[in-house]
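> I am sharing structure.txt, which consists of compact mmCIF, C-alpha atoms:
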```txt
# COMPACT_ATOMS: atom_id res chain seq x y z
CA MET A 24 0.00 0.00 0.00
CA ARG A 25 1.29 3.45 -0.85
CA ARG A 26 2.15 5.92 1.90
CA GLY A 27 -0.60 8.36 0.91
CA GLU A 28 -3.21 5.60 1.07
CA THR A 29 -1.97 4.59 4.51
CA ARG A 30 -2.26 8.12 5.82
CA GLY A 31 -5.75 8.45 4.38
CA LYS A 32 -6.80 5.25 6.06
CA GLU A 33 -5.44 6.44 9.40
CA ARG A 34 -7.27 9.73 9.13
CA GLY A 35 -10.55 7.99 8.33
CA PRO A 36 -13.73 9.63 7.03
CA GLY A 37 -14.13 13.39 7.25
CA LEU A 38 -16.54 15.35 9.40
CA MET A 39 -19.48 15.39 6.97
CA ALA A 40 -19.11 11.69 6.16
CA GLN A 41 -19.13 10.78 9.85
CA LEU A 42 -22.12 13.03 10.53
CA ARG A 43 -24.02 11.10 7.86
CA ASP A 44 -22.98 7.76 9.35
CA PRO A 45 -22.04 8.35 13.01
CA PRO A 46 -21.30 5.70 15.63
CA GLY A 47 -24.71 4.43 16.69
CA GLY A 48 -26.27 4.55 13.22
CA ARG A 49 -29.67 6.07 12.50
CA ASP A 50 -30.56 6.89 16.12
CA ALA A 51 -27.26 8.67 16.67
CA ARG A 52 -27.73 10.67 13.46
CA ILE A 53 -31.18 11.81 14.61
CA MET A 54 -29.84 12.65 18.07
CA LEU A 55 -27.07 14.77 16.58
CA LEU A 56 -29.68 16.70 14.60
CA ALA A 57 -31.77 17.15 17.74
CA LEU A 58 -28.70 18.40 19.58
CA ALA A 59 -27.91 20.92 16.82
CA VAL A 60 -31.49 22.22 16.93
CA ASP A 61 -31.40 22.45 20.73
CA ARG A 62 -28.12 24.39 20.67
CA THR A 63 -29.46 26.74 18.01
CA GLY A 64 -32.12 27.69 20.54
CA SER A 65 -29.45 27.97 23.23
CA GLY A 66 -27.58 30.43 21.00
CA LEU A 67 -30.73 32.53 20.74
CA TRP A 68 -31.13 32.53 24.52
CA ALA A 69 -27.49 33.21 25.34
CA ALA A 70 -27.32 36.19 22.99
CA SER A 71 -30.62 37.77 23.99
CA SER A 72 -31.50 36.74 27.56
CA VAL A 73 -29.64 39.50 29.42
CA LEU A 74 -31.01 42.20 27.11
CA TYR A 75 -34.51 40.71 27.36
CA LEU A 76 -34.36 40.76 31.14
CA THR A 77 -33.04 44.32 31.04
CA PHE A 78 -35.27 46.02 28.48
CA VAL A 79 -38.45 43.91 28.55
CA THR A 80 -38.80 42.77 32.17
CA HIS A 81 -36.86 45.85 33.46
CA LEU A 82 -34.69 44.00 35.97
CA SER A 83 -31.63 45.76 37.38
CA ALA A 84 -28.10 44.50 36.76
CA GLN A 85 -27.95 43.27 40.37
CA GLN A 86 -31.21 41.36 39.99
CA ILE A 87 -30.04 39.76 36.75
CA GLY A 88 -26.81 38.72 38.44
CA VAL A 89 -28.68 37.09 41.32
CA LEU A 90 -31.16 35.49 38.92
CA LEU A 91 -28.50 33.87 36.76
CA GLY A 92 -26.36 32.97 39.76
CA VAL A 93 -29.20 31.13 41.50
CA ALA A 94 -30.12 29.48 38.21
CA GLY A 95 -26.53 28.27 37.86
CA VAL A 96 -26.63 26.77 41.35
CA ALA A 97 -29.94 25.06 40.55
CA GLY A 98 -28.37 23.63 37.41
CA ILE A 99 -25.80 21.78 39.54
CA ALA A 100 -28.57 19.44 40.74
CA GLY A 101 -29.64 18.63 37.18
CA SER A 102 -26.78 16.23 36.40
CA PRO A 103 -27.00 13.87 39.41
CA LEU A 104 -30.80 13.95 39.25
CA ALA A 105 -30.73 12.92 35.59
CA GLY A 106 -28.18 10.20 36.30
CA ARG A 107 -30.27 8.76 39.11
CA LEU A 108 -33.47 8.79 37.06
CA ALA A 109 -31.69 7.26 34.05
CA GLY A 110 -30.93 4.19 36.14
CA ARG A 111 -34.67 3.60 36.52
CA PHE A 112 -36.37 5.05 33.44
CA PRO A 113 -35.63 5.13 29.69
CA VAL A 114 -33.11 7.80 28.69
CA ARG A 115 -35.09 8.75 25.59
CA SER A 116 -38.28 9.47 27.57
CA LEU A 117 -36.38 11.46 30.17
CA LEU A 118 -34.68 13.57 27.50
CA VAL A 119 -38.01 14.31 25.82
CA GLY A 120 -39.32 15.30 29.25
CA CYS A 121 -36.40 17.72 29.73
CA HIS A 122 -37.09 19.38 26.39
CA LEU A 123 -40.79 19.75 27.23
CA LEU A 124 -39.99 21.05 30.72
CA ARG A 125 -37.81 23.77 29.26
CA LEU A 126 -40.52 24.55 26.70
CA VAL A 127 -42.96 25.23 29.55
CA THR A 128 -40.51 27.35 31.54
CA LEU A 129 -39.53 29.45 28.49
CA VAL A 130 -43.19 30.20 27.82
CA LEU A 131 -43.53 31.20 31.48
CA VAL A 132 -40.56 33.55 31.08
CA LEU A 133 -42.61 35.41 28.48
CA VAL A 134 -45.55 35.95 30.85
CA CYS A 135 -43.62 36.55 34.09
CA THR A 136 -42.56 40.16 34.55
CA GLY A 137 -41.33 40.34 38.15
CA PHE A 138 -38.07 39.15 39.72
CA ASP A 139 -39.83 36.92 42.27
CA ALA A 140 -41.77 35.11 39.55
CA LEU A 141 -38.83 34.78 37.18
CA LEU A 142 -36.42 33.38 39.78
CA PRO A 143 -37.93 29.86 40.11
CA VAL A 144 -38.81 29.71 36.41
CA VAL A 145 -35.28 30.45 35.19
CA ALA A 146 -33.83 28.16 37.88
CA VAL A 147 -35.94 25.22 36.65
CA THR A 148 -34.92 26.07 33.07
CA TYR A 149 -31.25 25.75 33.97
CA LEU A 150 -31.88 22.55 35.94
CA GLY A 151 -33.57 21.03 32.89
CA ASP A 152 -30.73 22.22 30.68
CA ARG A 153 -28.05 20.47 32.74
CA ALA A 154 -30.17 17.34 33.06
CA ALA A 155 -30.62 17.24 29.28
CA LYS A 156 -26.87 17.48 28.69
CA THR A 157 -26.24 14.56 31.04
CA LEU A 158 -28.91 12.47 29.33
CA GLU A 159 -27.38 13.25 25.93
CA MET A 160 -24.06 11.97 27.26
CA LEU A 161 -25.69 8.80 28.57
CA PHE A 162 -27.40 8.22 25.22
CA ALA A 163 -24.08 8.56 23.42
CA THR A 164 -22.31 6.26 25.87
CA ARG A 165 -24.87 3.54 25.28
CA ALA A 166 -25.52 4.00 21.58
CA ALA A 167 -21.94 4.57 20.38
CA GLY A 168 -20.27 1.97 22.59
CA GLU A 169 -16.50 1.98 22.34
CA ARG A 170 -16.64 4.70 19.64
CA ARG A 171 -18.14 7.18 22.09
CA ALA A 172 -15.15 9.55 21.78
CA THR A 173 -15.86 9.91 18.06
CA TYR A 174 -19.55 10.50 18.77
CA GLN A 175 -18.64 13.09 21.40
CA ALA A 176 -16.49 14.92 18.86
CA LEU A 177 -19.34 14.90 16.34
CA SER A 178 -21.78 16.16 18.97
CA ARG A 179 -19.42 18.99 19.88
CA SER A 180 -19.12 20.00 16.23
CA ALA A 181 -22.89 19.85 15.72
CA ALA A 182 -23.55 21.75 18.96
CA ASN A 183 -21.12 24.55 18.17
CA ALA A 184 -22.46 24.90 14.64
CA GLY A 185 -25.99 25.15 16.02
CA TYR A 186 -24.90 27.61 18.68
CA GLY A 187 -23.24 29.79 16.07
CA VAL A 188 -26.37 29.77 13.89
CA GLY A 189 -28.50 30.71 16.89
CA ALA A 190 -26.21 33.59 17.84
CA GLY A 191 -26.28 34.82 14.23
CA ILE A 192 -30.08 34.80 14.15
CA ALA A 193 -30.16 36.56 17.51
CA ALA A 194 -27.94 39.31 16.12
CA ILE A 195 -30.67 40.15 13.63
CA GLY A 196 -33.30 40.38 16.36
CA LEU A 197 -31.04 42.44 18.59
CA ALA A 198 -30.41 44.83 15.72
CA VAL A 199 -34.18 45.41 15.49
CA GLY A 200 -34.20 45.96 19.25
CA THR A 201 -37.95 46.07 19.85
CA THR A 202 -39.85 44.25 22.60
CA GLY A 203 -41.53 42.13 19.95
CA ALA A 204 -38.15 41.13 18.50
CA TYR A 205 -36.86 40.05 21.91
CA ARG A 206 -39.97 37.94 22.49
CA VAL A 207 -39.66 36.32 19.07
CA LEU A 208 -36.12 35.24 19.98
CA ILE A 209 -37.34 33.67 23.23
CA LEU A 210 -40.13 31.91 21.30
CA GLY A 211 -37.51 30.68 18.85
CA ASN A 212 -35.68 29.01 21.71
CA ALA A 213 -38.93 27.46 22.92
CA LEU A 214 -39.63 26.19 19.40
CA SER A 215 -36.22 24.51 19.34
CA PHE A 216 -37.28 22.41 22.34
CA VAL A 217 -40.40 21.23 20.49
CA VAL A 218 -38.42 20.18 17.41
CA ALA A 219 -35.71 18.54 19.53
CA ALA A 220 -38.31 16.59 21.53
CA VAL A 221 -39.94 15.30 18.34
CA LEU A 222 -36.58 14.22 16.95
CA VAL A 223 -35.57 12.45 20.15
CA TRP A 224 -38.90 10.62 20.21
CA ARG A 225 -38.08 9.20 16.77
CA THR A 226 -35.01 7.45 18.13
CA GLY A 227 -34.93 4.08 19.81
CA GLU A 228 -33.91 3.54 23.42
CA PRO A 229 -30.17 2.73 23.42
CA SER A 230 -29.22 -0.60 24.92
CA GLY A 231 -27.15 -0.48 28.09
CA SER A 232 -25.34 -3.60 26.97
CA ALA A 233 -23.68 -1.63 24.19
CA VAL A 234 -21.51 0.13 26.69
CA GLU A 235 -17.99 -1.21 26.80
CA VAL A 236 -14.69 0.11 27.98
CA ALA A 237 -12.96 1.58 24.95
CA ARG A 238 -9.85 -0.34 24.02
CA SER A 239 -8.73 -0.40 27.64
CA GLY A 240 -6.44 -3.37 27.32
CA GLY A 241 -5.40 -4.53 30.75
CA ALA A 242 -7.20 -1.67 32.46
CA ALA A 243 -10.70 -3.04 32.03
CA PRO A 244 -10.66 -5.75 34.67
CA ALA A 245 -9.13 -3.46 37.26
CA ALA A 246 -11.63 -0.71 36.60
CA ARG A 247 -14.57 -3.09 36.59
CA GLY A 248 -13.47 -4.87 39.69
CA GLU A 249 -13.00 -1.69 41.65
CA GLY A 250 -16.22 -0.19 40.37
CA LYS A 251 -18.40 -3.18 41.21
CA GLY A 252 -17.09 -3.25 44.75
CA VAL A 253 -17.90 0.43 45.09
CA VAL A 254 -21.44 -0.01 43.83
CA ARG A 255 -22.22 -2.55 46.53
CA GLY A 256 -20.89 -0.02 49.04
CA GLY A 257 -23.26 2.77 48.03
CA GLY A 258 -22.57 4.03 44.51
CA PRO A 259 -20.76 7.20 43.35
CA TRP A 260 -21.35 9.26 46.49
CA ARG A 261 -19.32 6.78 48.54
CA ASP A 262 -16.68 6.17 45.90
CA ARG A 263 -13.89 8.45 47.08
CA GLY A 264 -11.75 7.84 44.01
CA TYR A 265 -14.51 8.90 41.66
CA LEU A 266 -15.47 11.90 43.78
CA LYS A 267 -11.81 12.97 43.68
CA PHE A 268 -11.96 12.80 39.88
CA VAL A 269 -15.12 14.95 39.83
CA LEU A 270 -13.61 17.47 42.25
CA LEU A 271 -10.43 17.81 40.21
CA ASP A 272 -12.48 18.06 37.02
CA ILE A 273 -13.94 21.39 38.19
CA PRO A 274 -10.74 23.39 37.53
CA MET A 275 -10.30 21.29 34.37
CA ASN A 276 -13.34 23.18 33.02
CA LEU A 277 -12.08 26.70 33.69
CA ASP A 278 -11.42 27.22 29.98
CA ASP A 279 -15.14 27.93 29.62
CA SER A 280 -15.08 30.91 32.01
CA ILE A 281 -11.77 32.19 30.66
CA LEU A 282 -13.19 32.34 27.14
CA ALA A 283 -16.58 33.81 28.05
CA VAL A 284 -15.59 36.10 30.95
CA GLY A 285 -11.84 36.36 31.46
CA LEU A 286 -10.72 37.25 27.93
CA PRO A 287 -13.33 39.96 27.22
CA LEU A 288 -13.06 41.66 30.62
CA TRP A 289 -9.26 41.52 30.65
CA LEU A 290 -9.16 43.07 27.18
CA VAL A 291 -11.54 45.89 28.10
CA ASN A 292 -10.22 46.71 31.57
CA ARG A 293 -6.49 45.95 31.54
CA THR A 294 -5.18 46.14 27.97
CA SER A 295 -5.10 48.65 25.12
CA ALA A 296 -6.35 46.13 22.54
CA PRO A 297 -9.30 47.20 20.33
CA HIS A 298 -12.68 46.30 21.83
CA ALA A 299 -13.79 45.06 18.41
CA LEU A 300 -11.64 41.95 18.98
CA VAL A 301 -14.06 40.58 21.59
CA PRO A 302 -16.38 38.88 19.05
CA ALA A 303 -13.30 37.37 17.39
CA PHE A 304 -12.68 35.24 20.48
CA LEU A 305 -15.99 33.44 20.02
CA VAL A 306 -15.51 33.19 16.26
CA ILE A 307 -12.12 31.51 16.75
CA ASN A 308 -13.61 29.14 19.31
CA THR A 309 -16.66 28.19 17.26
CA VAL A 310 -14.80 27.62 14.00
CA LEU A 311 -11.95 25.62 15.52
CA VAL A 312 -14.28 23.38 17.54
CA VAL A 313 -16.36 22.57 14.47
CA VAL A 314 -13.31 21.92 12.29
CA LEU A 315 -10.87 20.25 14.70
CA GLN A 316 -12.93 18.42 17.33
CA LEU A 317 -13.14 15.16 15.37
CA SER A 318 -9.41 14.91 14.73
CA VAL A 319 -8.53 15.95 18.29
CA SER A 320 -10.88 13.31 19.72
CA LYS A 321 -8.72 10.57 18.21
CA ARG A 322 -5.89 11.70 20.50
CA ALA A 323 -8.02 11.06 23.60
CA GLU A 324 -9.59 7.67 22.81
CA GLY A 325 -8.91 4.98 25.36
CA PRO A 326 -7.67 5.30 28.94
CA ARG A 327 -3.99 6.03 28.35
CA ARG A 328 -4.57 8.72 25.73
CA ALA A 329 -7.34 10.30 27.81
CA ALA A 330 -5.08 10.54 30.85
CA ARG A 331 -2.30 12.01 28.70
CA ALA A 332 -4.73 14.56 27.23
CA VAL A 333 -5.34 15.92 30.74
CA LEU A 334 -1.63 16.74 30.96
CA LEU A 335 -1.76 18.52 27.61
CA TYR A 336 -4.76 20.49 28.85
CA GLY A 337 -2.71 21.73 31.78
CA VAL A 338 0.16 22.80 29.50
CA LEU A 339 -2.19 24.68 27.16
CA MET A 340 -3.93 26.44 30.04
CA LEU A 341 -0.58 27.46 31.54
CA ALA A 342 0.48 28.93 28.20
CA CYS A 343 -2.88 30.70 27.78
CA CYS A 344 -2.65 32.30 31.22
CA GLY A 345 0.92 33.33 30.48
CA PHE A 346 -0.21 35.14 27.35
CA LEU A 347 -2.95 36.90 29.30
CA ALA A 348 -0.42 38.02 31.88
CA VAL A 349 1.83 39.69 29.27
CA ALA A 350 -1.06 41.19 27.26
CA THR A 351 -0.96 44.31 29.45
CA ARG A 352 2.38 45.30 27.91
CA GLY A 353 2.94 46.80 24.48
CA GLY A 354 0.69 48.75 22.16
CA ALA A 355 -2.86 48.09 21.06
CA TRP A 356 -2.04 45.77 18.17
CA ALA A 357 0.58 43.83 20.10
CA ALA A 358 -1.88 43.31 22.94
CA GLY A 359 -4.55 42.28 20.43
CA ALA A 360 -2.25 39.70 18.85
CA VAL A 361 -1.36 38.26 22.25
CA LEU A 362 -5.03 38.01 23.26
CA LEU A 363 -5.94 36.30 20.00
CA ALA A 364 -3.15 33.79 20.69
CA ALA A 365 -4.62 33.26 24.16
CA ALA A 366 -8.04 32.64 22.61
CA LEU A 367 -6.45 30.06 20.30
CA LEU A 368 -4.73 28.30 23.20
CA VAL A 369 -7.82 28.20 25.41
CA THR A 370 -9.80 26.77 22.51
CA LEU A 371 -7.20 24.04 21.98
CA ALA A 372 -7.40 23.31 25.71
CA GLU A 373 -11.18 23.07 25.44
CA LEU A 374 -10.86 20.62 22.56
CA MET A 375 -8.67 18.32 24.67
CA ARG A 376 -10.80 18.66 27.79
CA SER A 377 -14.19 18.12 26.15
CA VAL A 378 -13.22 14.62 25.02
CA SER A 379 -10.78 13.48 27.72
CA SER A 380 -13.00 14.57 30.61
CA TRP A 381 -15.97 12.65 29.25
CA GLU A 382 -13.91 9.61 28.27
CA LEU A 383 -12.39 9.37 31.74
CA ALA A 384 -15.77 9.88 33.42
CA VAL A 385 -17.03 6.82 31.53
CA LEU A 386 -13.93 4.68 31.97
CA LEU A 387 -13.69 5.32 35.71
CA ALA A 388 -17.33 4.36 36.33
CA PRO A 389 -18.46 0.73 36.80
CA GLN A 390 -20.62 -0.49 33.92
CA ASP A 391 -23.56 -1.57 36.07
CA ALA A 392 -23.97 1.91 37.62
CA ARG A 393 -22.70 4.14 34.85
CA ALA A 394 -25.80 6.36 34.69
CA ALA A 395 -25.55 7.35 38.36
CA TYR A 396 -21.80 7.90 38.11
CA LEU A 397 -22.01 10.06 34.98
CA GLY A 398 -24.73 12.10 36.62
CA VAL A 399 -22.34 12.95 39.44
CA ALA A 400 -19.52 13.64 36.96
CA GLY A 401 -21.70 16.16 35.16
CA MET A 402 -21.73 18.34 38.27
CA SER A 403 -18.19 19.53 37.62
CA GLN A 404 -19.22 21.65 34.63
CA SER A 405 -22.20 23.12 36.49
CA ILE A 406 -20.11 24.01 39.54
CA GLN A 407 -17.47 25.63 37.36
CA LYS A 408 -20.11 27.73 35.59
CA SER A 409 -21.22 29.07 38.97
CA ALA A 410 -17.82 29.44 40.65
CA GLY A 411 -15.58 30.19 37.67
CA PRO A 412 -16.69 33.76 36.81
CA PRO A 413 -16.49 35.03 40.43
CA LEU A 414 -13.07 33.38 40.80
CA LEU A 415 -11.75 35.13 37.70
CA THR A 416 -13.24 38.55 38.39
CA GLY A 417 -12.85 38.64 42.16
CA VAL A 418 -9.50 36.90 42.63
CA VAL A 419 -7.48 36.30 39.46
CA MET A 420 -8.09 39.57 37.63
CA ALA A 421 -8.00 41.57 40.86
CA ALA A 422 -4.45 40.29 41.42
CA GLY A 423 -3.36 41.53 37.99
CA PRO A 424 -0.95 39.65 35.69
CA ALA A 425 0.40 37.65 38.64
CA GLY A 426 -3.09 36.28 39.20
CA TRP A 427 -3.11 34.72 35.74
CA LEU A 428 0.32 33.17 36.27
CA VAL A 429 -0.77 31.62 39.56
CA LEU A 430 -3.98 30.31 38.00
CA GLY A 431 -2.12 28.76 35.08
CA ALA A 432 0.41 27.08 37.37
CA ALA A 433 -2.37 25.81 39.65
CA VAL A 434 -4.37 24.29 36.78
CA ALA A 435 -1.25 22.69 35.31
CA GLY A 436 -0.36 21.19 38.69
CA LEU A 437 -3.87 19.87 39.25
CA ALA A 438 -3.80 18.38 35.75
CA VAL A 439 -0.77 16.33 36.76
CA VAL A 440 -2.58 15.15 39.89
CA GLN A 441 -5.72 14.30 37.89
CA SER A 442 -3.81 12.40 35.22
CA ARG A 443 -1.86 10.32 37.73
CA ALA A 444 -4.95 9.57 39.83
CA CYS A 445 -6.88 8.40 36.75
CA ALA A 446 -3.95 6.27 35.58
CA ARG A 447 -3.75 4.54 38.94
CA ARG A 448 -7.48 3.82 39.08
CA LEU A 449 -7.43 2.45 35.53
CA GLY A 450 -4.41 0.26 36.24
CA LEU A 451 -2.12 2.12 33.87
CA GLY A 452 0.97 1.91 36.02
CA PRO A 453 4.41 1.06 34.65
CA ALA A 454 3.65 -2.68 34.75
CA ARG A 455 0.75 -2.32 32.38
CA ALA A 456 1.96 0.49 30.18
CA GLY A 457 3.29 -1.87 27.56
CA ALA A 458 0.04 -3.81 27.40
CA ALA A 459 -1.99 -0.62 27.08
CA LEU A 460 0.19 0.62 24.24
CA ALA A 461 0.05 -2.76 22.51
CA ALA A 462 -3.74 -2.60 22.61
CA LYS A 463 -3.54 0.56 20.53
```
Spit out the file's structure as structure tokens when you get a sec.

Amino acid sequence: MRRGETRGKERGPGLMAQLRDPPGGRDARIMLLALAVDRTGSGLWAASSVLYLTFVTHLSAQQIGVLLGVAGVAGIAGSPLAGRLAGRFPVRSLLVGCHLLRLVTLVLVLVCTGFDALLPVVAVTYLGDRAAKTLEMLFATRAAGERRATYQALSRSAANAGYGVGAGIAAIGLAVGTTGAYRVLILGNALSFVVAAVLVWRTGEPSGSAVEVARSGGAAPAARGEGKGVVRGGGPWRDRGYLKFVLLDIPMNLDDSILAVGLPLWLVNRTSAPHALVPAFLVINTVLVVVLQLSVSKRAEGPRRAARAVLLYGVLMLACCGFLAVATRGGAWAAGAVLLAAALLVTLAELMRSVSSWELAVLLAPQDARAAYLGVAGMSQSIQKSAGPPLLTGVVMAAGPAGWLVLGAAVAGLAVVQSRACARRLGLGPARAGAALAAK
């Protein structure tokens, strides 16, 4: 076989080809479409919600902050709740229920005008949102089997594409700027839940037996044995090793807050870079995730590669924080170039984290209690979304450039701890390294 043919075979089908025939077949293809529709609605909400609450419901900035903060805390409960319910009820039915629940709460947002009425409604919306994301992960784990990393990459590409489309549509409505335009955007998000629910209902319930440890070589027996013993002792909440993984996974999600909060605020408040660069951060992120997620996912398949990807995440985050620290020096264009480089680095870190975090959450969980375990694992993202922005604005940015350097070093150090802890639990010590590599 010629060298070019060998390389083509290693690369495998492209993004569009895999979207047409994803791991899991027809049901997975429909679920990816449902996910893209759902995230299109999320893009509408993310781009318009703060302005809607400001200009239509006339809430103050402080009230909006409390509203979204409480909603973020409520969302933390969505993941473990979904995981617990998924162990007893069909995932497909639960996901349809989450879409319909959010449909109801979004309609209530349109008729509620006071802070007291909006607070529980928005909180339930966020709870349903986090529960839906966990159920999507469980569906993929069961339907895609050992190719779940590839499915996760496809879902990330589909989700970011949908999110970008939603934000683009929202820009049109925000340009109009009328009360009616804001309400149409909220209704558009509600409509996305209807379409997503219909699509999910067309899928079949994934079989739990399809879940297997991905190419784990010698690690599978160790992980299974440990996990089954833990289940008899009380499940994920009494599994100290798994809880340690979830706890360490919280700072492994800080790339999200750095992109959405840290980069824009640092640019505006502490550098001379043009403010017009702020949208470019999201453009870089969206485009790179859609284009590169599939190829990056191949570097995190299986236990050894997933553990190694955590280390790479730490390196990329350290470099990103270093760039942010030096962005305060130099002229406007130099600062802009440095910040764009930081946006590139944090996006690359996100690409590594989005696959490795999920892959390790699955591999570290026992097969016969995977739904409950993944529900607990999903809390790390929710906690980070609530704690990350205050950490960046109140501690890191307040400390100036040194704050970024300390944050980068801390994340890199915790990445080493996380990687080693996962390797030990999966039985990837020196004695089994050769077997794990041979399995690749």
> Could you pull the residues within 9 Å of A:Arg352, counting all atoms listed in the file, minus those fewer than 6 positions along the same chain, as an MDAnalysis selection string?
chainID A and resid 294:295 358
> I want to know what sits within 10 Å of A:Leu290, based on all atoms listed in the file, with residues of the same chain fewer than 6 positions away left out; could you give that as an mmCIF file with C-alpha atoms, keeping the file's coordinate frame?

```
data_model
loop_
_atom_site.group_PDB
_atom_site.id
_atom_site.type_symbol
_atom_site.label_atom_id
_atom_site.label_comp_id
_atom_site.auth_asym_id
_atom_site.auth_seq_id
_atom_site.Cartn_x
_atom_site.Cartn_y
_atom_site.Cartn_z
ATOM 1 C CA ALA A 296 -6.350 46.130 22.540
ATOM 2 C CA PRO A 297 -9.300 47.200 20.330
ATOM 3 C CA HIS A 298 -12.680 46.300 21.830
ATOM 4 C CA LEU A 300 -11.640 41.950 18.980
ATOM 5 C CA VAL A 301 -14.060 40.580 21.590
ATOM 6 C CA LEU A 347 -2.950 36.900 29.300
ATOM 7 C CA ALA A 350 -1.060 41.190 27.260
ATOM 8 C CA THR A 351 -0.960 44.310 29.450
ATOM 9 C CA ALA A 358 -1.880 43.310 22.940
ATOM 10 C CA GLY A 359 -4.550 42.280 20.430
ATOM 11 C CA LEU A 362 -5.030 38.010 23.260
#
```
> Using atom CA of A:Val284 and atom CA of A:Pro412 as the two end points, give the distance in Å to one decimal.
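So the answer is 6.4 Å.
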> Dump as a VMD selection string all residues having an atom at most 12 Å from (-27.3, 32.4, 38.1), computed in the file's coordinates with only C-alpha atoms.
chain A and resid 73 85 to 99 141 to 150 405 to 413
> Per residue of stretch 313-348 of chain A within 9 Å of stretch 157-178 of chain A, record the nearest atom pair and its distance in Å to one decimal, counting all atoms listed in the file, with rows in chain order and ascending residue number, as a tab-separated table.

```
residue	atom	partner	partner_atom	distance
A:Val313	CA	A:Leu177	CA	8.4
A:Leu315	CA	A:Ala176	CA	8.8
A:Gln316	CA	A:Ala176	CA	5.2
A:Leu317	CA	A:Ala176	CA	4.8
A:Ser318	CA	A:Ala176	CA	8.2
A:Val319	CA	A:Ala176	CA	8.0
A:Ser320	CA	A:Ala176	CA	5.9
A:Lys321	CA	A:Thr173	CA	7.2
A:Ala323	CA	A:Ala172	CA	7.5
A:Glu324	CA	A:Ala172	CA	6.0
A:Gly325	CA	A:Ala172	CA	8.5
```
> If we count all atoms listed in the file and set the cut-off at 8 Å, which residues sit around stretch 77-80 of chain A, ignoring sequence neighbours fewer than 2 positions away in its own chain? Please answer as a VMD selection string.
chain A and resid 73 to 75 82 to 84 87 136 to 137 202 205
> Using all atoms listed in the file, pick whichever of A:Ala213, A:Leu58, A:Leu288, A:Val333 has the shortest atom-to-atom distance to A:Ser442.
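Using all atoms listed in the file, A:Ser442 sits closest to A:Val333.
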> Please list, as a list of chain:residue names, the residues that have an atom at most 12 Å away from (-11.0, 12.8, 44.2) in the coordinates of this file, counting all atoms listed in the file.
A:Pro259, A:Trp260, A:Arg261, A:Asp262, A:Arg263, A:Gly264, A:Tyr265, A:Leu266, A:Lys267, A:Phe268, A:Val269, A:Leu270, A:Leu271, A:Asp272, A:Ile273, A:Leu387, A:Ala400, A:Ser403, A:Leu437, A:Val440, A:Gln441, A:Ser442, A:Arg443, A:Ala444, A:Cys445, A:Arg448
> Between A:Leu428, A:Ala435, A:Met402, A:Leu210, which residue has the minimum interatomic distance to A:Ala105, considering only C-alpha atoms?
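Among A:Leu428, A:Ala435, A:Met402, A:Leu210, it is A:Met402 that comes nearest to A:Ala105.
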> Within 12 Å of A:Met54, counting all atoms listed in the file, which residues qualify if same-chain residues fewer than 2 places away don't, as a PyMOL selection string?
chain A and resi 42-43+45-52+56-61+115+118-119+158-163+166-167+174-175+177-178+181-182+218-229
> Since we have the selection now, will you write its residues out, keeping C-alpha atoms, as a short mmCIF file (atom, residue, chain, number, x, y, z; two decimals), in the coordinates of the input?

```
data_model
loop_
_atom_site.label_atom_id
_atom_site.label_comp_id
_atom_site.auth_asym_id
_atom_site.auth_seq_id
_atom_site.Cartn_x
_atom_site.Cartn_y
_atom_site.Cartn_z
CA LEU A 42 -22.12 13.03 10.53
CA ARG A 43 -24.02 11.10 7.86
CA PRO A 45 -22.04 8.35 13.01
CA PRO A 46 -21.30 5.70 15.63
CA GLY A 47 -24.71 4.43 16.69
CA GLY A 48 -26.27 4.55 13.22
CA ARG A 49 -29.67 6.07 12.50
CA ASP A 50 -30.56 6.89 16.12
CA ALA A 51 -27.26 8.67 16.67
CA ARG A 52 -27.73 10.67 13.46
CA LEU A 56 -29.68 16.70 14.60
CA ALA A 57 -31.77 17.15 17.74
CA LEU A 58 -28.70 18.40 19.58
CA ALA A 59 -27.91 20.92 16.82
CA VAL A 60 -31.49 22.22 16.93
CA ASP A 61 -31.40 22.45 20.73
CA ARG A 115 -35.09 8.75 25.59
CA LEU A 118 -34.68 13.57 27.50
CA VAL A 119 -38.01 14.31 25.82
CA LEU A 158 -28.91 12.47 29.33
CA GLU A 159 -27.38 13.25 25.93
CA MET A 160 -24.06 11.97 27.26
CA LEU A 161 -25.69 8.80 28.57
CA PHE A 162 -27.40 8.22 25.22
CA ALA A 163 -24.08 8.56 23.42
CA ALA A 166 -25.52 4.00 21.58
CA ALA A 167 -21.94 4.57 20.38
CA TYR A 174 -19.55 10.50 18.77
CA GLN A 175 -18.64 13.09 21.40
CA LEU A 177 -19.34 14.90 16.34
CA SER A 178 -21.78 16.16 18.97
CA ALA A 181 -22.89 19.85 15.72
CA ALA A 182 -23.55 21.75 18.96
CA VAL A 218 -38.42 20.18 17.41
CA ALA A 219 -35.71 18.54 19.53
CA ALA A 220 -38.31 16.59 21.53
CA VAL A 221 -39.94 15.30 18.34
CA LEU A 222 -36.58 14.22 16.95
CA VAL A 223 -35.57 12.45 20.15
CA TRP A 224 -38.90 10.62 20.21
CA ARG A 225 -38.08 9.20 16.77
CA THR A 226 -35.01 7.45 18.13
CA GLY A 227 -34.93 4.08 19.81
CA GLU A 228 -33.91 3.54 23.42
CA PRO A 229 -30.17 2.73 23.42
#
```
> Considering all atoms listed in the file, can you say which of A:Leu282, A:Leu451, A:Met39, A:Leu208 comes closest to A:Val130?
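Once distances to A:Val130 are computed over all atoms listed in the file, the minimum belongs to A:Leu208.
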> Report the distance between atom CA of A:Cys344 and atom CA of A:Pro302 in Å, rounded to one decimal place.
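Interatomic distance here is 19.5 Å.
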